[in-house]
>>> print(open('model-v8.tsv').read())   # TSV, C-alpha atoms (C1' of nucleotides)
chain	number	residue	atom	x	y	z
A	1	MET	CA	65.41	91.43	138.22
A	2	PRO	CA	64.51	94.75	139.60
A	3	GLU	CA	67.53	96.95	139.67
A	4	LEU	CA	66.92	100.62	139.09
A	5	PRO	CA	66.85	100.33	135.29
A	6	GLU	CA	64.29	97.55	135.52
A	7	VAL	CA	62.10	99.64	137.78
A	8	GLU	CA	62.40	102.58	135.43
A	9	THR	CA	61.56	100.28	132.52
A	10	THR	CA	58.53	99.09	134.43
A	11	ARG	CA	57.46	102.66	135.05
A	12	ARG	CA	57.74	103.55	131.39
A	13	GLY	CA	56.08	100.32	130.35
A	14	ILE	CA	52.99	100.58	132.51
A	15	ALA	CA	52.47	104.35	132.40
A	16	PRO	CA	50.74	104.63	129.03
A	17	HIS	CA	48.33	101.81	129.91
A	18	LEU	CA	47.56	103.10	133.36
A	19	ILE	CA	47.50	106.88	133.40
A	20	GLY	CA	44.02	108.28	133.10
A	21	VAL	CA	42.36	104.87	132.96
A	22	PRO	CA	39.79	104.32	135.73
A	23	ILE	CA	40.36	101.36	138.02
A	24	ARG	CA	37.31	99.15	138.12
A	25	GLU	CA	38.25	96.71	140.82
A	26	VAL	CA	41.03	95.81	143.21
A	27	THR	CA	41.77	92.20	144.10
A	28	ILE	CA	44.22	91.30	146.82
A	29	ARG	CA	45.05	87.63	146.75
A	30	ASN	CA	47.79	87.74	149.34
A	31	TYR	CA	48.38	90.47	151.89
A	32	LYS	CA	51.64	89.07	153.12
A	33	LEU	CA	54.39	91.07	151.45
A	34	ARG	CA	57.30	92.77	153.15
A	35	TYR	CA	54.66	94.88	154.87
A	36	PRO	CA	51.00	93.91	154.73
A	37	VAL	CA	49.24	95.24	151.63
A	38	SER	CA	47.22	98.28	152.73
A	39	LYS	CA	43.73	97.45	153.94
A	40	THR	CA	42.48	100.67	152.36
A	41	LEU	CA	43.57	99.61	148.89
A	42	ASP	CA	40.03	98.89	147.70
A	43	GLN	CA	39.25	102.59	148.19
A	44	ILE	CA	41.03	103.28	144.93
A	45	SER	CA	38.30	101.53	142.93
A	46	GLY	CA	36.73	104.08	140.63
A	47	ASP	CA	39.76	106.34	140.86
A	48	ARG	CA	42.56	106.61	138.36
A	49	VAL	CA	46.30	107.04	138.27
A	50	ILE	CA	47.32	110.49	137.08
A	51	ASP	CA	51.10	110.12	137.21
A	52	ILE	CA	53.81	107.60	137.96
A	53	HIS	CA	57.12	108.57	139.48
A	54	ARG	CA	60.15	106.61	140.48
A	55	ARG	CA	62.22	107.40	143.56
A	56	ALA	CA	65.12	105.01	144.09
A	57	LYS	CA	63.54	101.64	143.32
A	58	TYR	CA	60.14	102.71	144.57
A	59	LEU	CA	57.31	103.45	142.17
A	60	ILE	CA	54.89	106.14	143.25
A	61	LEU	CA	51.50	106.11	141.59
A	62	HIS	CA	49.60	109.32	142.16
A	63	LEU	CA	45.86	108.90	142.16
A	64	GLU	CA	43.38	111.57	141.24
A	65	LYS	CA	41.25	111.42	144.38
A	66	SER	CA	42.49	108.76	146.73
A	67	GLY	CA	46.10	109.60	147.47
A	68	SER	CA	48.93	107.47	146.17
A	69	LEU	CA	50.43	104.02	145.96
A	70	ILE	CA	53.97	103.09	146.87
A	71	ILE	CA	55.13	99.95	145.12
A	72	HIS	CA	58.47	98.21	145.44
A	73	LEU	CA	59.40	95.11	143.51
A	74	GLY	CA	61.82	93.69	146.07
A	75	MET	CA	64.02	90.93	144.73
A	76	SER	CA	61.55	89.07	142.59
A	77	GLY	CA	58.61	91.35	141.92
A	78	SER	CA	57.14	92.52	138.65
A	79	LEU	CA	54.23	94.62	137.47
A	80	ARG	CA	52.70	93.49	134.22
A	81	LEU	CA	49.75	94.39	132.13
A	82	SER	CA	47.75	91.38	131.26
A	83	ASP	CA	44.68	90.27	129.45
A	84	PRO	CA	42.24	89.14	132.17
A	85	ALA	CA	41.54	86.03	130.14
A	86	ILE	CA	45.05	84.83	130.84
A	87	GLU	CA	45.02	82.62	133.89
A	88	LEU	CA	46.43	84.11	137.06
A	89	LYS	CA	49.75	82.72	138.11
A	90	LYS	CA	50.90	81.59	141.48
A	91	HIS	CA	52.26	84.66	143.27
A	92	ASP	CA	50.07	87.15	141.42
A	93	HIS	CA	49.25	88.96	144.66
A	94	VAL	CA	47.53	92.21	143.73
A	95	ILE	CA	45.37	92.77	140.66
A	96	LEU	CA	43.99	96.06	139.42
A	97	ASP	CA	41.20	95.68	136.88
A	98	LEU	CA	41.15	98.65	134.54
A	99	THR	CA	38.20	99.92	132.56
A	100	SER	CA	40.34	99.49	129.46
A	101	GLY	CA	39.81	95.77	129.89
A	102	LYS	CA	43.37	95.14	131.00
A	103	GLN	CA	44.76	94.16	134.35
A	104	LEU	CA	47.84	95.34	136.18
A	105	ARG	CA	49.21	92.32	138.01
A	106	PHE	CA	51.74	92.50	140.81
A	107	HIS	CA	53.66	89.24	140.83
A	108	ASP	CA	56.26	88.48	143.49
A	109	PRO	CA	57.33	84.94	144.42
A	110	ARG	CA	59.60	85.91	147.28
A	111	ARG	CA	57.23	88.53	148.62
A	112	PHE	CA	59.91	91.02	149.54
A	113	GLY	CA	57.94	93.59	147.62
A	114	ILE	CA	55.78	96.43	148.92
A	115	TYR	CA	52.28	97.56	147.92
A	116	LEU	CA	51.06	100.42	150.05
A	117	HIS	CA	48.17	102.83	149.73
A	118	LEU	CA	48.61	106.29	151.25
A	119	PRO	CA	45.16	107.89	151.27
A	120	LYS	CA	46.40	111.36	152.24
A	121	GLU	CA	50.04	111.48	153.24
A	122	ASP	CA	52.62	112.89	150.82
A	123	PRO	CA	54.40	109.73	149.68
A	124	LEU	CA	57.78	111.46	149.68
A	125	LYS	CA	57.30	112.12	153.39
A	126	HIS	CA	56.67	108.46	154.10
A	127	SER	CA	59.41	106.99	156.29
A	128	LEU	CA	60.49	104.63	153.51
A	129	LEU	CA	61.22	107.53	151.18
A	130	SER	CA	62.05	110.47	153.39
A	131	LYS	CA	65.57	109.43	154.31
A	132	LEU	CA	66.83	108.40	150.91
A	133	GLY	CA	70.00	109.82	149.43
A	134	PRO	CA	70.27	111.47	146.01
A	135	GLU	CA	69.18	109.92	142.75
A	136	PRO	CA	72.24	108.63	140.90
A	137	LEU	CA	71.23	110.28	137.64
A	138	SER	CA	70.45	113.64	139.17
A	139	ASP	CA	72.71	116.65	139.63
A	140	GLU	CA	72.59	116.04	143.34
A	141	PHE	CA	74.84	113.02	143.08
A	142	THR	CA	78.24	114.67	142.76
A	143	PRO	CA	81.86	113.69	143.40
A	144	ALA	CA	81.76	115.94	146.46
A	145	VAL	CA	78.79	114.01	147.84
A	146	LEU	CA	80.52	110.69	147.36
A	147	LYS	CA	83.78	112.03	148.75
A	148	HIS	CA	81.96	113.20	151.85
A	149	ALA	CA	80.31	109.79	152.28
A	150	CYS	CA	83.69	108.07	152.02
A	151	ALA	CA	85.56	110.34	154.39
A	152	GLY	CA	86.91	108.46	157.38
A	153	ARG	CA	85.24	105.20	156.44
A	154	LYS	CA	87.09	101.92	156.18
A	155	THR	CA	84.01	100.27	154.74
A	156	PRO	CA	84.58	98.66	151.35
A	157	ILE	CA	83.63	101.11	148.62
A	158	LYS	CA	81.10	98.68	147.20
A	159	GLN	CA	79.07	98.84	150.39
A	160	VAL	CA	79.22	102.62	150.37
A	161	ILE	CA	77.76	102.95	146.88
A	162	MET	CA	75.05	100.43	147.78
A	163	ASP	CA	74.08	102.47	150.84
A	164	ASN	CA	70.79	104.20	150.09
A	165	LYS	CA	71.69	107.11	152.32
A	166	VAL	CA	74.69	107.85	150.09
A	167	VAL	CA	73.09	107.30	146.71
A	168	VAL	CA	69.98	105.30	145.83
A	169	GLY	CA	69.38	102.69	143.21
A	170	VAL	CA	72.81	101.12	142.91
A	171	GLY	CA	72.06	97.43	143.25
A	172	ASN	CA	74.38	94.49	143.50
A	173	ILE	CA	74.91	94.01	139.78
A	174	TYR	CA	75.62	97.62	139.00
A	175	ALA	CA	77.80	98.17	142.02
A	176	SER	CA	80.19	95.55	140.65
A	177	GLU	CA	79.88	96.84	137.10
A	178	SER	CA	80.45	100.51	138.00
A	179	LEU	CA	83.51	99.62	140.04
A	180	PHE	CA	84.89	97.61	137.16
A	181	ARG	CA	84.49	100.51	134.78
A	182	ALA	CA	86.11	102.85	137.27
A	183	GLY	CA	89.04	100.47	137.81
A	184	ILE	CA	88.39	100.21	141.53
A	185	ARG	CA	88.36	96.99	143.55
A	186	PRO	CA	85.13	96.55	145.46
A	187	THR	CA	87.05	95.79	148.65
A	188	THR	CA	88.94	99.10	148.69
A	189	PRO	CA	88.37	100.97	151.95
A	190	ALA	CA	86.30	103.99	150.99
A	191	ALA	CA	88.53	106.58	152.62
A	192	ARG	CA	91.55	105.41	150.66
A	193	LEU	CA	90.14	106.50	147.31
A	194	SER	CA	91.33	109.76	145.79
A	195	GLY	CA	89.03	112.55	144.66
A	196	PRO	CA	89.59	111.84	140.97
A	197	LYS	CA	88.92	108.12	141.46
A	198	LEU	CA	85.66	108.90	143.20
A	199	ALA	CA	84.75	111.39	140.51
A	200	ARG	CA	85.33	108.66	137.98
A	201	LEU	CA	83.14	106.34	139.99
A	202	VAL	CA	80.29	108.83	140.01
A	203	GLU	CA	80.65	108.94	136.26
A	204	THR	CA	80.64	105.17	135.77
A	205	ILE	CA	77.64	104.69	138.07
A	206	ARG	CA	75.74	107.18	135.93
A	207	GLN	CA	76.97	105.58	132.75
A	208	VAL	CA	76.11	102.02	133.73
A	209	LEU	CA	72.63	102.92	134.95
A	210	SER	CA	71.80	105.08	131.93
A	211	GLU	CA	73.02	102.44	129.53
A	212	SER	CA	70.86	99.86	131.24
A	213	ILE	CA	67.84	102.07	131.12
A	214	GLU	CA	68.43	102.38	127.41
A	215	GLN	CA	68.63	98.62	127.22
A	216	GLY	CA	65.44	98.43	129.22
A	217	GLY	CA	64.04	100.57	126.47
A	218	THR	CA	64.65	97.72	124.12
A	219	THR	CA	62.38	95.46	126.14
A	220	LEU	CA	59.91	98.29	126.56
A	221	ARG	CA	58.17	97.49	123.32
A	222	ASP	CA	57.36	93.90	124.22
A	223	PHE	CA	57.04	94.67	127.89
A	224	VAL	CA	53.31	94.12	127.94
A	225	ASN	CA	53.52	90.77	126.27
A	226	SER	CA	56.78	89.85	127.84
A	227	ASP	CA	57.04	86.76	129.96
A	228	GLY	CA	59.42	88.75	132.04
A	229	GLN	CA	62.89	87.44	131.52
A	230	PRO	CA	64.80	90.06	129.61
A	231	GLY	CA	68.12	88.62	128.52
A	232	TYR	CA	69.59	91.92	127.48
A	233	PHE	CA	71.74	92.54	130.54
A	234	ALA	CA	74.01	89.58	130.24
A	235	GLN	CA	75.86	90.66	127.13
A	236	ARG	CA	76.88	93.93	128.69
A	237	LEU	CA	78.14	92.63	131.97
A	238	PHE	CA	81.88	92.75	132.42
A	239	VAL	CA	82.16	91.05	135.79
A	240	TYR	CA	78.85	90.27	137.50
A	241	GLY	CA	78.20	86.55	137.67
A	242	ARG	CA	81.38	85.80	135.71
A	243	GLU	CA	83.57	84.19	138.37
A	244	SER	CA	86.53	82.35	136.81
A	245	GLU	CA	85.53	83.50	133.35
A	246	LEU	CA	88.04	85.67	131.55
A	247	CYS	CA	87.97	89.44	131.74
A	248	ARG	CA	86.62	90.86	128.52
A	249	ILE	CA	89.38	93.45	128.51
A	250	CYS	CA	92.53	91.73	129.77
A	251	LYS	CA	91.65	88.01	129.90
A	252	ALA	CA	92.47	87.64	133.58
A	253	PRO	CA	90.03	85.34	135.45
A	254	ILE	CA	87.29	87.26	137.20
A	255	ARG	CA	87.24	86.88	140.96
A	256	GLN	CA	84.36	86.62	143.37
A	257	LYS	CA	84.00	87.33	147.06
A	258	VAL	CA	81.19	88.06	149.46
A	259	ILE	CA	81.32	91.64	150.68
A	260	GLY	CA	78.69	92.80	153.13
A	261	GLN	CA	76.69	89.61	152.57
A	262	ARG	CA	76.52	90.20	148.83
A	263	SER	CA	78.38	88.42	146.09
A	264	SER	CA	80.90	90.73	144.47
A	265	TYR	CA	82.93	90.34	141.33
A	266	TRP	CA	86.05	92.06	139.98
A	267	CYS	CA	88.95	91.72	137.61
A	268	PRO	CA	92.20	91.48	139.59
A	269	LYS	CA	94.15	93.13	136.77
A	270	CYS	CA	91.84	95.91	135.62
A	271	GLN	CA	90.80	96.91	139.14
A	272	LYS	CA	93.40	98.07	141.62
B	1	DC	C1'	76.76	107.29	165.11
B	2	DG	C1'	78.83	103.25	162.16
B	3	DA	C1'	79.44	98.43	161.24
B	4	DA	C1'	78.19	93.62	161.25
B	5	DC	C1'	74.72	90.58	161.01
B	6	DC	C1'	69.84	89.02	160.57
B	7	DT	C1'	65.52	88.79	158.50
B	8	DC	C1'	61.53	88.22	155.40
B	9	DC	C1'	60.26	84.20	151.20
B	10	DT	C1'	60.24	81.01	147.14
B	11	DG	C1'	62.63	78.91	143.38
B	12	DC	C1'	66.40	77.05	141.07
B	13	DG	C1'	70.60	74.68	140.02
B	14	DG	C1'	74.28	71.70	141.50
B	15	DG	C1'	75.94	67.74	143.97
B	16	DC	C1'	75.14	63.28	145.46
C	1	DT	C1'	64.27	61.00	139.90
C	2	DG	C1'	64.66	62.90	144.42
C	3	DC	C1'	66.56	65.18	148.26
C	4	DC	C1'	69.49	68.60	150.47
C	5	DC	C1'	72.12	72.66	150.31
C	6	DG	C1'	73.45	77.14	148.99
C	7	DC	C1'	72.44	81.01	146.66
C	8	DA	C1'	69.59	84.78	144.37
C	9	DG	C1'	68.71	91.23	141.36
C	10	DG	C1'	66.54	94.37	148.26
C	11	DA	C1'	66.83	96.78	152.20
C	12	DG	C1'	64.86	97.70	156.78
C	13	DG	C1'	65.76	96.23	161.52
C	14	DT	C1'	68.59	94.82	165.46
C	15	DT	C1'	72.57	94.67	168.20
C	16	DC	C1'	76.90	96.05	169.83
>>> encode(input="model-v8.tsv", output="structure tokens")
Amino acid sequence: MPELPEVETTRRGIAPHLIGVPIREVTIRNYKLRYPVSKTLDQISGDRVIDIHRRAKYLILHLEKSGSLIIHLGMSGSLRLSDPAIELKKHDHVILDLTSGKQLRFHDPRRFGIYLHLPKEDPLKHSLLSKLGPEPLSDEFTPAVLKHACAGRKTPIKQVIMDNKVVVGVGNIYASESLFRAGIRPTTPAARLSGPKLARLVETIRQVLSESIEQGGTTLRDFVNSDGQPGYFAQRLFVYGRESELCRICKAPIRQKVIGQRSSYWCPKCQK
DNA sequence: CGAACCTCCTGCGGGC
DNA sequence: TGCCCGCAGGAGGTTC
């Protein structure tokens, strides 16, 4: 679930319930995530979150007195507000009890997620965050930046836009979708693309991600009560997960191939 | 340095 | 119904 728009939706969904509300208690039910959950996490009891930022697909929760939290949802993670009376589920690994009477539950079946406490260090200087490329929706992600990243590289363009050093937050779904909208085959060697094509790609990446965030906004309202499976993506997808189905534009059958270990989809007619 | 491949883990759907 | 296999929205790490 968590592509960038989902993470942004999570941020917006939890912020109003979390910011300024003292944390009463921290419960860690399973330390074994991608990295062990920080041993110092219980130090945040009594403190409160003053701000929540997103960088790439990382959420950064700034605490008033005890530093910050870095949370990543991995492939299968979610952060949900819950009524404590509702029974904990399998894979609810970290629980924050808030003085509001709600809980923030980190749920992650595959445990590729991250839940770190940085008591002092500037989270942006943490090694996970310090080497990231530009945000796709910021002014820093320009055609020139993408052009530079593509120069001299035979790597398929899809892998380039999924490279976090080039631009962050473009996940597997949106890589395929952006390339479709730009009319570029995912297999195209990066260096072979013209300036205008790459400029178009920058545009479609922005477009696809912003649109999805807007869609995330639709689930925002019921986010708290949501059982977590937003179905709103599917209707907007042109190619992802649609192998052999007909292109919504030209009716050609959508093709699928693994590129860089990830399933990739394209329309053989619309994308050259 | 880039590129290819591996890894962590659980759940689900398809085939038999 | 059950078992086995392949695959899944991420991304850091290793090796050459």
>>> closest_atom_pairs(input="model-v8.tsv", of="chain B", to="chain A", cutoff="9 Å", atoms="only C-alpha atoms (C1' of nucleotides)", output="JSON lines")
{"residue": "B:DG2", "atom": "C1'", "partner": "A:Arg153", "partner_atom": "CA", "distance": 8.8}
{"residue": "B:DA3", "atom": "C1'", "partner": "A:Thr155", "partner_atom": "CA", "distance": 8.2}
{"residue": "B:DA4", "atom": "C1'", "partner": "A:Gly260", "partner_atom": "CA", "distance": 8.2}
{"residue": "B:DC5", "atom": "C1'", "partner": "A:Gln261", "partner_atom": "CA", "distance": 8.7}
{"residue": "B:DC8", "atom": "C1'", "partner": "A:Arg34", "partner_atom": "CA", "distance": 6.6}
{"residue": "B:DC9", "atom": "C1'", "partner": "A:Arg110", "partner_atom": "CA", "distance": 4.3}
{"residue": "B:DT10", "atom": "C1'", "partner": "A:Arg110", "partner_atom": "CA", "distance": 4.9}
{"residue": "B:DG11", "atom": "C1'", "partner": "A:Pro109", "partner_atom": "CA", "distance": 8.1}
>>> interface_residues(input="model-v8.tsv", of="chain A", to="chain C", cutoff="7 Å", atoms="all atoms listed in the file", output="NGL selection string")
:A and (1-3 or 74-75 or 172-173)
>>> atom_distance(input="model-v8.tsv", atom1="CA of Ile44 in chain A", atom2="CA of Lys131 in chain A")
27.0 Å
>>> atom_distance(input="model-v8.tsv", atom1="CA of Ile114 in chain A", atom2="CA of Thr27 in chain A")
15.4 Å
